[in-house]
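Peer 1: Before I ask anything, here is the structure I am working with.
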Amino acid sequence: MMSVAYVIGRFQPFHKGHETLVTKALEIADVVVVVLGDTGCRPDYRDPWTVLDRIKMINAVFPHHDGRIFITSVEDIPYDDSAWKQEVKRRVDAHAGYEKHFLVGHKKDASSFYLDMFPEWEFVEGEPISLLDATIIRREYFALNGRLDESILSP
């Protein structure tokens with residue numbers, strides 16, 4: 001039975017916690033689709049990395065994925081979760097023919113509400129890495145003028 005796992009997030013930046021989600025997805029599914037959230041706006045303090053930057057980050061972590069990882073992006077649709085969900089489904093539609101669908105994620109707080117929007121996909125909780133949060137990473141990044149402790153990032 002062929003299966004696909006979806007990993008959805010902003011990944012601002014893609015860090016070791018996100019790496020564990022994609023790794024889990026690779027363990028349970030034949031194909032993984034990473035869906036990048038995108039504001040469609042110019043980079044700012046909350047979303048400093050472009051879609052292309054984040055794709056490069058993911059590809060640097062998983063350079064030899066044997067064609068099992070697909071990456072797409074979905075622009076935010078403020079105040080219309082239903083339309084956003086439909087856009088996610090449209091973006092991953094090429095994988096709709098798989099028999100089994102998983103959604104791999106980590107419900108860390110209220111901002112993870114979108115993980116409950118896809119009840120048709122079997123939810124798989126990822127292993128959290130304690131105290132690892134992209135908001136804190138961004139805060140450190142800007143406080144240190146673009147320098148980070150590389151141990152928290154991937155690779």
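Identifiers in the structure tokens: chain A, B, ... in order shown; residue index from 1 per chain; ligand index from 1 in order shown.
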Could you pull out the residues in chain A that DSSP calls strand (DSSP E) from the backbone, as JSON, numbers by chain?

Peer 2: {"A": [3, 4, 5, 6, 7, 8, 9, 31, 32, 33, 34, 35, 36, 37, 38, 69, 70, 71, 72, 73, 74, 75, 100, 101, 102, 103, 104, 105, 122, 123, 124, 125]}

Peer 1: Write the residues of the preceding selection, restricted to C-alpha atoms, as a PDB file, in the first residue's frame.

Peer 2:
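Result file follows (selection.pdb):
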```pdb
ATOM      1  CA  SER A   3       1.501   6.095   1.421  1.00  0.00           C
ATOM      2  CA  VAL A   4       2.214   9.815   1.603  1.00  0.00           C
ATOM      3  CA  ALA A   5       2.973  11.978   4.626  1.00  0.00           C
ATOM      4  CA  TYR A   6       2.472  15.733   4.747  1.00  0.00           C
ATOM      5  CA  VAL A   7       4.537  18.063   6.926  1.00  0.00           C
ATOM      6  CA  ILE A   8       3.126  21.599   7.045  1.00  0.00           C
ATOM      7  CA  GLY A   9       4.798  24.631   8.581  1.00  0.00           C
ATOM      8  CA  VAL A  31       6.611   9.890  -0.179  1.00  0.00           C
ATOM      9  CA  VAL A  32       6.789  13.085   1.898  1.00  0.00           C
ATOM     10  CA  VAL A  33       5.296  16.412   0.877  1.00  0.00           C
ATOM     11  CA  VAL A  34       6.602  19.412   2.792  1.00  0.00           C
ATOM     12  CA  VAL A  35       4.168  22.330   2.594  1.00  0.00           C
ATOM     13  CA  LEU A  36       5.765  25.694   3.332  1.00  0.00           C
ATOM     14  CA  GLY A  37       3.561  28.458   4.662  1.00  0.00           C
ATOM     15  CA  ASP A  38       4.157  31.719   2.834  1.00  0.00           C
ATOM     16  CA  ILE A  69      10.560  14.486  -0.699  1.00  0.00           C
ATOM     17  CA  PHE A  70       8.474  17.026  -2.578  1.00  0.00           C
ATOM     18  CA  ILE A  71       8.291  20.659  -1.472  1.00  0.00           C
ATOM     19  CA  THR A  72       5.540  23.123  -2.249  1.00  0.00           C
ATOM     20  CA  SER A  73       4.333  26.383  -0.754  1.00  0.00           C
ATOM     21  CA  VAL A  74       0.936  27.786   0.094  1.00  0.00           C
ATOM     22  CA  GLU A  75       0.270  31.457   0.577  1.00  0.00           C
ATOM     23  CA  LYS A 100      -2.717   6.039   2.972  1.00  0.00           C
ATOM     24  CA  HIS A 101      -2.301   9.697   3.990  1.00  0.00           C
ATOM     25  CA  PHE A 102      -0.510  10.901   7.135  1.00  0.00           C
ATOM     26  CA  LEU A 103      -0.082  14.363   8.603  1.00  0.00           C
ATOM     27  CA  VAL A 104       3.068  14.596  10.717  1.00  0.00           C
ATOM     28  CA  GLY A 105       3.325  17.503  13.114  1.00  0.00           C
ATOM     29  CA  GLU A 122      -4.104  10.206   9.964  1.00  0.00           C
ATOM     30  CA  PHE A 123      -2.295  12.482  12.419  1.00  0.00           C
ATOM     31  CA  VAL A 124       1.121  11.359  13.663  1.00  0.00           C
ATOM     32  CA  GLU A 125       2.610  13.358  16.538  1.00  0.00           C
TER      33      GLU A 125
END
```

Peer 1: I'd like to know which residues of stretch 9-130 of chain A are helix (DSSP H, G or I) (by DSSP, run on the backbone); could you write them as a PyMOL selection string?

Peer 2: chain A and resi 16-28+51-61+81-91+93-95+110-117

Peer 1: What does the distance from atom CA of A:Asp80 to atom CA of A:Leu21 come to in Å, to one decimal?

Peer 2: 26.3 Å

Peer 1: Kindly give the distance, in Å, that separates atom CA of A:Ala134 and atom CA of A:Phe14, rounded to a single decimal.

Peer 2: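 Separation between atom CA of A:Ala134 and atom CA of A:Phe14: 8.0 Å.
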
Peer 1: Using only C-alpha atoms, pick whichever of A:Phe62, A:Trp121, A:Tyr114, A:Tyr141 has the shortest atom-to-atom distance to A:Ser82.

Peer 2: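 Under the stated criterion, the closest residue is A:Tyr114.
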
Peer 1: Between atom CA of A:Met1 and atom CA of A:Val61, measure the distance and give it in Å to one decimal.

Peer 2: 27.4 Å
